[in-house]
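Source file upload-v5.cif; content: mmCIF, C-alpha atoms.
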data_structure
loop_
_atom_site.label_atom_id
_atom_site.label_comp_id
_atom_site.auth_asym_id
_atom_site.auth_seq_id
_atom_site.Cartn_x
_atom_site.Cartn_y
_atom_site.Cartn_z
CA MET A 15 -36.04 -49.82 -2.78
CA ILE A 16 -35.37 -53.25 -4.25
CA PRO A 17 -33.91 -56.15 -2.23
CA ILE A 18 -31.20 -57.94 -4.21
CA ARG A 19 -29.90 -60.51 -1.70
CA ASP A 20 -29.56 -61.32 1.98
CA GLU A 21 -26.67 -62.55 4.12
CA ASN A 22 -28.58 -65.49 5.61
CA THR A 23 -27.01 -68.34 3.66
CA THR A 24 -28.43 -71.70 4.75
CA HIS A 25 -26.80 -75.11 4.64
CA ILE A 26 -29.56 -76.86 2.70
CA PHE A 27 -30.50 -76.68 -0.96
CA PRO A 28 -33.88 -74.87 -1.18
CA ALA A 29 -35.41 -77.48 -3.48
CA VAL A 30 -39.04 -76.43 -2.99
CA THR A 31 -38.23 -72.74 -3.46
CA VAL A 32 -36.48 -73.55 -6.74
CA LEU A 33 -39.34 -75.80 -7.88
CA LEU A 34 -41.90 -73.10 -7.11
CA ILE A 35 -39.91 -70.56 -9.10
CA CYS A 36 -39.63 -72.99 -12.02
CA ALA A 37 -43.36 -73.73 -11.90
CA ASN A 38 -44.27 -70.05 -11.94
CA VAL A 39 -41.90 -69.35 -14.81
CA ALA A 40 -43.19 -72.33 -16.79
CA VAL A 41 -46.82 -71.23 -16.41
CA PHE A 42 -45.91 -67.68 -17.41
CA VAL A 43 -44.15 -68.92 -20.56
CA TYR A 44 -47.29 -70.91 -21.39
CA GLN A 45 -49.38 -67.76 -20.88
CA MET A 46 -47.18 -65.90 -23.33
CA VAL A 47 -47.56 -68.67 -25.92
CA LEU A 48 -51.35 -68.32 -25.74
CA GLY A 49 -51.28 -64.84 -27.24
CA PRO A 50 -54.74 -63.20 -27.31
CA ALA A 51 -56.26 -66.29 -25.64
CA VAL A 52 -54.41 -65.49 -22.42
CA GLU A 53 -57.31 -63.38 -21.12
CA ALA A 54 -59.67 -66.35 -21.27
CA PHE A 55 -56.99 -68.49 -19.57
CA VAL A 56 -56.73 -65.99 -16.71
CA TYR A 57 -60.51 -66.00 -16.26
CA ARG A 58 -60.59 -69.80 -16.20
CA PHE A 59 -57.76 -70.30 -13.71
CA GLY A 60 -57.65 -66.99 -11.83
CA MET A 61 -59.55 -66.60 -8.56
CA ILE A 62 -62.76 -64.56 -8.93
CA PRO A 63 -64.12 -63.58 -5.48
CA TRP A 64 -67.76 -63.55 -6.66
CA GLU A 65 -67.47 -67.16 -7.80
CA ILE A 66 -65.96 -68.27 -4.49
CA THR A 67 -68.65 -66.57 -2.39
CA HIS A 68 -71.48 -67.80 -4.64
CA PHE A 69 -70.11 -71.29 -5.43
CA ARG A 70 -70.81 -70.92 -9.14
CA GLU A 71 -69.61 -69.28 -12.33
CA PHE A 72 -70.11 -65.55 -12.71
CA PRO A 73 -73.23 -65.14 -14.88
CA GLY A 74 -72.88 -64.01 -18.46
CA LEU A 75 -69.34 -65.19 -19.04
CA ASP A 76 -68.51 -66.40 -22.53
CA ALA A 77 -67.96 -70.17 -22.75
CA ALA A 78 -64.23 -69.65 -23.36
CA TYR A 79 -63.97 -67.81 -20.03
CA ARG A 80 -65.65 -70.48 -17.92
CA SER A 81 -63.47 -72.50 -15.56
CA ASP A 82 -62.40 -76.00 -16.56
CA ILE A 83 -62.14 -76.90 -12.88
CA PRO A 84 -64.32 -76.37 -9.78
CA ASN A 85 -64.18 -72.72 -8.78
CA LEU A 86 -62.66 -73.50 -5.37
CA PHE A 87 -59.60 -74.99 -7.08
CA THR A 88 -58.83 -71.59 -8.58
CA LEU A 89 -57.72 -70.56 -5.08
CA LEU A 90 -54.64 -72.69 -5.83
CA THR A 91 -54.21 -72.30 -9.59
CA SER A 92 -54.34 -68.51 -9.34
CA MET A 93 -51.10 -68.55 -7.32
CA PHE A 94 -49.15 -69.64 -10.42
CA LEU A 95 -50.46 -67.04 -12.88
CA HIS A 96 -48.95 -63.60 -13.43
CA GLY A 97 -50.07 -60.47 -15.21
CA GLY A 98 -46.78 -59.53 -16.86
CA PHE A 99 -43.01 -59.92 -16.87
CA ALA A 100 -42.41 -57.32 -14.13
CA HIS A 101 -45.08 -58.97 -11.95
CA LEU A 102 -43.37 -62.35 -12.32
CA ILE A 103 -39.78 -61.12 -11.83
CA GLY A 104 -40.67 -59.08 -8.74
CA ASN A 105 -42.40 -62.01 -7.09
CA MET A 106 -39.69 -64.53 -7.95
CA LEU A 107 -36.96 -62.19 -6.70
CA TYR A 108 -38.58 -61.96 -3.27
CA LEU A 109 -39.19 -65.72 -3.18
CA TRP A 110 -35.56 -66.45 -4.12
CA ILE A 111 -34.10 -64.07 -1.52
CA PHE A 112 -36.30 -65.00 1.44
CA GLY A 113 -37.65 -68.46 0.63
CA ASP A 114 -34.51 -70.50 1.32
CA ASN A 115 -34.30 -69.48 4.97
CA VAL A 116 -37.96 -70.15 5.65
CA GLU A 117 -37.65 -73.51 3.86
CA ALA A 118 -34.69 -74.32 6.13
CA LEU A 119 -36.85 -73.48 9.16
CA THR A 120 -39.73 -75.72 8.14
CA GLY A 121 -38.19 -78.46 6.02
CA HIS A 122 -39.01 -79.05 2.38
CA GLY A 123 -42.44 -80.70 2.54
CA ARG A 124 -43.75 -78.49 5.30
CA PHE A 125 -42.55 -75.41 3.45
CA LEU A 126 -44.71 -76.29 0.45
CA VAL A 127 -47.77 -76.68 2.69
CA PHE A 128 -46.88 -73.46 4.52
CA TYR A 129 -46.56 -71.60 1.21
CA LEU A 130 -49.93 -72.83 -0.08
CA CYS A 131 -51.66 -72.08 3.23
CA CYS A 132 -50.35 -68.51 3.15
CA GLY A 133 -51.60 -68.20 -0.42
CA LEU A 134 -55.04 -69.39 0.62
CA ALA A 135 -55.10 -66.96 3.55
CA ALA A 136 -54.15 -64.17 1.16
CA ALA A 137 -56.94 -65.06 -1.24
CA PHE A 138 -59.56 -65.19 1.50
CA SER A 139 -58.36 -61.83 2.85
CA GLN A 140 -59.00 -60.25 -0.54
CA ILE A 141 -62.36 -62.02 -0.81
CA LEU A 142 -63.33 -60.65 2.61
CA ILE A 143 -62.73 -57.08 1.43
CA HIS A 144 -64.24 -57.44 -2.07
CA PRO A 145 -66.58 -60.47 -2.02
CA GLN A 146 -68.60 -59.25 -5.03
CA SER A 147 -65.64 -58.60 -7.32
CA ASN A 148 -65.71 -60.31 -10.72
CA VAL A 149 -62.08 -59.40 -11.48
CA PRO A 150 -59.71 -62.41 -11.47
CA MET A 151 -56.99 -62.29 -8.82
CA ILE A 152 -53.69 -63.84 -9.94
CA GLY A 153 -50.12 -64.00 -8.74
CA ALA A 154 -47.84 -65.63 -6.20
CA SER A 155 -47.46 -62.48 -4.12
CA GLY A 156 -50.00 -63.51 -1.48
CA ALA A 157 -48.15 -66.75 -0.74
CA ILE A 158 -44.77 -65.00 -0.93
CA SER A 159 -46.05 -62.39 1.52
CA GLY A 160 -46.40 -65.27 3.98
CA VAL A 161 -42.75 -66.13 3.41
CA LEU A 162 -41.86 -62.52 4.17
CA GLY A 163 -43.92 -62.63 7.36
CA ALA A 164 -42.09 -65.76 8.55
CA TYR A 165 -38.71 -64.22 7.73
CA PHE A 166 -39.69 -61.00 9.53
CA ILE A 167 -40.39 -62.97 12.72
CA ARG A 168 -37.51 -65.42 12.62
CA PHE A 169 -34.66 -63.38 11.06
CA PRO A 170 -35.30 -59.75 12.02
CA GLY A 171 -31.61 -58.90 12.39
CA ALA A 172 -30.43 -60.52 9.17
CA ARG A 173 -28.83 -58.07 6.77
CA VAL A 174 -30.57 -57.50 3.45
CA HIS A 175 -28.86 -55.73 0.56
CA ILE A 176 -31.26 -53.24 -1.02
CA LEU A 177 -30.84 -51.21 -4.19
CA ILE A 178 -31.73 -47.53 -3.87
CA TRP A 179 -32.30 -45.92 -7.27
CA ILE A 180 -33.45 -42.29 -7.52
CA PHE A 181 -32.71 -40.79 -10.93
CA PHE A 182 -28.89 -40.80 -11.12
CA PHE A 183 -28.43 -41.75 -7.47
CA ILE A 184 -27.76 -45.49 -7.23
CA ARG A 185 -26.53 -47.16 -4.07
CA VAL A 186 -26.65 -50.57 -2.36
CA LEU A 187 -27.26 -50.52 1.39
CA ARG A 188 -27.15 -53.26 4.05
CA VAL A 189 -30.29 -52.96 6.15
CA PRO A 190 -31.77 -55.22 8.88
CA ALA A 191 -34.61 -57.37 7.58
CA VAL A 192 -36.96 -56.01 10.23
CA LEU A 193 -36.68 -52.56 8.63
CA VAL A 194 -36.93 -53.77 5.03
CA LEU A 195 -39.91 -56.03 5.60
CA GLY A 196 -41.50 -53.73 8.17
CA PHE A 197 -41.43 -50.90 5.64
CA TRP A 198 -42.80 -53.24 2.96
CA PHE A 199 -45.71 -54.26 5.21
CA PHE A 200 -46.42 -50.63 6.13
CA MET A 201 -46.66 -49.77 2.44
CA GLN A 202 -49.13 -52.61 1.85
CA ILE A 203 -51.35 -51.38 4.69
CA SER A 204 -51.25 -47.73 3.65
CA SER A 205 -51.91 -48.63 0.00
CA GLY A 206 -54.70 -51.02 0.94
CA LEU A 207 -56.44 -48.51 3.19
CA GLY A 208 -56.23 -45.99 0.38
CA THR A 209 -58.33 -48.25 -1.85
CA LEU A 210 -61.14 -48.81 0.65
CA GLY A 211 -64.37 -47.38 -0.64
CA ALA A 212 -63.10 -47.30 -4.21
CA GLY A 213 -64.81 -50.57 -5.07
CA PRO A 214 -63.30 -53.66 -6.68
CA GLY A 215 -61.26 -53.28 -9.82
CA GLY A 216 -57.98 -54.16 -11.45
CA GLY A 217 -54.57 -53.41 -10.01
CA VAL A 218 -52.78 -54.70 -6.93
CA ALA A 219 -54.61 -56.92 -4.41
CA TRP A 220 -53.19 -55.13 -1.38
CA PHE A 221 -55.27 -57.00 1.16
CA ALA A 222 -54.04 -60.33 -0.20
CA HIS A 223 -50.52 -59.14 0.61
CA ILE A 224 -51.59 -58.09 4.10
CA GLY A 225 -53.44 -61.33 4.79
CA GLY A 226 -50.59 -63.47 3.47
CA PHE A 227 -48.01 -61.63 5.60
CA VAL A 228 -50.07 -61.99 8.78
CA ALA A 229 -50.65 -65.67 8.00
CA GLY A 230 -46.89 -66.18 7.64
CA VAL A 231 -46.21 -64.45 10.96
CA LEU A 232 -48.64 -66.83 12.68
CA LEU A 233 -48.11 -70.06 10.76
CA VAL A 234 -44.33 -70.10 11.08
CA PHE A 235 -44.82 -71.14 14.72
CA VAL A 236 -46.86 -74.13 13.53
CA PHE A 237 -44.70 -75.23 10.61
CA GLU A 238 -41.14 -74.59 11.80
CA LYS A 239 -39.05 -77.54 12.90
CA LYS A 240 -38.51 -77.92 16.61
CA GLY A 241 -34.71 -77.97 16.32
CA ARG A 242 -32.57 -74.92 15.60
CA VAL A 243 -31.44 -73.88 12.15
CA ARG A 244 -27.91 -72.55 11.79
CA ILE A 245 -27.19 -69.82 9.28
CA SER A 246 -23.83 -68.75 7.95
CA SER A 247 -23.53 -65.54 9.95
CA GLY A 248 -23.44 -67.58 13.16
CA ARG A 249 -26.89 -66.54 14.38
CA TRP A 250 -29.36 -69.15 15.51
CA SER A 251 -33.10 -69.21 15.14
#

Give the structure from this file in structure tokens form.
Amino acid sequence: MIPIRDENTTHIFPAVTVLLICANVAVFVYQMVLGPAVEAFVYRFGMIPWEITHFREFPGLDAAYRSDIPNLFTLLTSMFLHGGFAHLIGNMLYLWIFGDNVEALTGHGRFLVFYLCCGLAAAFSQILIHPQSNVPMIGASGAISGVLGAYFIRFPGARVHILIWIFFFIRVLRVPAVLVLGFWFFMQISSGLGTLGAGPGGGVAWFAHIGGFVAGVLLVFVFEKKGRVRISSGRWS
């Protein structure tokens, strides 16, 4: 199930959403240019839970893997790194579909702060579950999960076009956002619970997704503008 667009066209240009997408793409292109040195780059600018909880570099790291910035800053820099093309495209697709409406709710500047706050909440959620992990956490998905949480609360009835693809069965369906995003959140919880007890390791940071989504649900009430935002379908929020 892949969302491909929504029917919630806004009447503002989502400048911050576009800039965030461009920034993520630019950093990914730079990662690709690095070649074999990309692993060291990820260790320097990815968020390592052990380093955040201990306020210092993880012992024994090669000099090339040591952060060029204070470890706490990696909570922000890690949001702009991605582990592969599919990782990047998936995240940017969700941000493009759902970000414009949330940006319209909050305004441009407040949306940027909202996005970063959700990313921080996501990072700390993952740290809470695996505080001793020395595996770098990277990706925009925690912050984007916050965008999904805000959309879930403010536009539950908006129609989302999703692509269903099972072998030779391909179909596009119009589904209410509350079902699409509710199912997405359920999958994050079930997947996250399935990893409990397995110990830290590579793969998906499920609890970052959960924490980011919950942060978005809560923070939208703080960051949204007090006036109403009109969307093209005639609904108000």

>> If we count only C-alpha atoms and set the cut-off at 10 Å, which residues sit around Ser139 (chain A), ignoring sequence neighbours fewer than 6 positions away in its own chain? Please answer as a PyMOL selection string.
In response: chain A and resi 133+145+156+219-226

> Quick one: distance from CA of Gly163 (chain A) to CA of Gly196 (chain A) in Å, one decimal?
Replying inline: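 Separating CA of Gly163 (chain A) from CA of Gly196 (chain A) is a distance of 9.3 Å.
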
> Hey, what comes out of the PyMOL selection byres ((chain A and resi 29-37) around 9) on this file? Could you write it as a count of residues only?
Replying inline: 19

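Counting from CA of Ile167 (chain A), the distance to CA of Leu90 (chain A) is 25.3 Å.
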
> If the PyMOL selection byres ((chain A and resi 116) around 10) is run on the structure shown, which residues does it catch, given as a PyMOL selection string?
Replying inline: chain A and resi 24+28+31+109+112-115+117-122+125+128-129+160-165+168-169+230+234+237-238+243

> Got a sec to resolve the PyMOL selection byres ((chain A and resi 92) around 9) on this structure and send the residues as an MDAnalysis selection string?
Replying inline: chainID A and resid 56 59:61 87:91 93:96 150:154

> Using all atoms listed in the file, which residues sit within 7 Å of Ile16 (chain A) once same-chain residues fewer than 6 positions away are excluded, as a ChimeraX atom specification?
Replying inline: /A:176-178

>> Would you pick out the contacts of Ala191 (chain A) at 6 Å or less, using only C-alpha atoms, so that residues sharing its chain but fewer than 2 positions from it are not included, and give the list as number ranges by chain?
In response: A: 170-174, 193-195

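The space between CA of Phe235 (chain A) and CA of Val127 (chain A) spans 13.6 Å.
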
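If you count all atoms listed in the file and ignore residues fewer than 3 places along the chain from Phe72 (chain A), what sits within 12 Å of it is Tyr57, Arg58, Met61, Ile62, Pro63, Trp64, Glu65, Ile66, Thr67, His68, Phe69, Leu75, Asp76, Ala77, Tyr79, Arg80, Ser81, Asn85, Gln146, Ser147, Asn148, Val149 and Pro150 of chain A.
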
> Closest to Trp179 (chain A) among A:Ile203, A:Ala51, A:Met15, A:Ala100, using all atoms listed in the file?
Replying inline: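 Between A:Ile203, A:Ala51, A:Met15, A:Ala100, the residue approaching Trp179 (chain A) most closely is A:Met15.
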
Could you work out an axis-aligned bounding box for all listed atoms of region 63-80 of chain A, with 8 Å added on each of the six sides, and give its centre and edge lengths in Å to one decimal, as JSON?
{"center_x": -68.6, "center_y": -67.4, "center_z": -12.9, "size_x": 25.3, "size_y": 23.7, "size_z": 37.0}
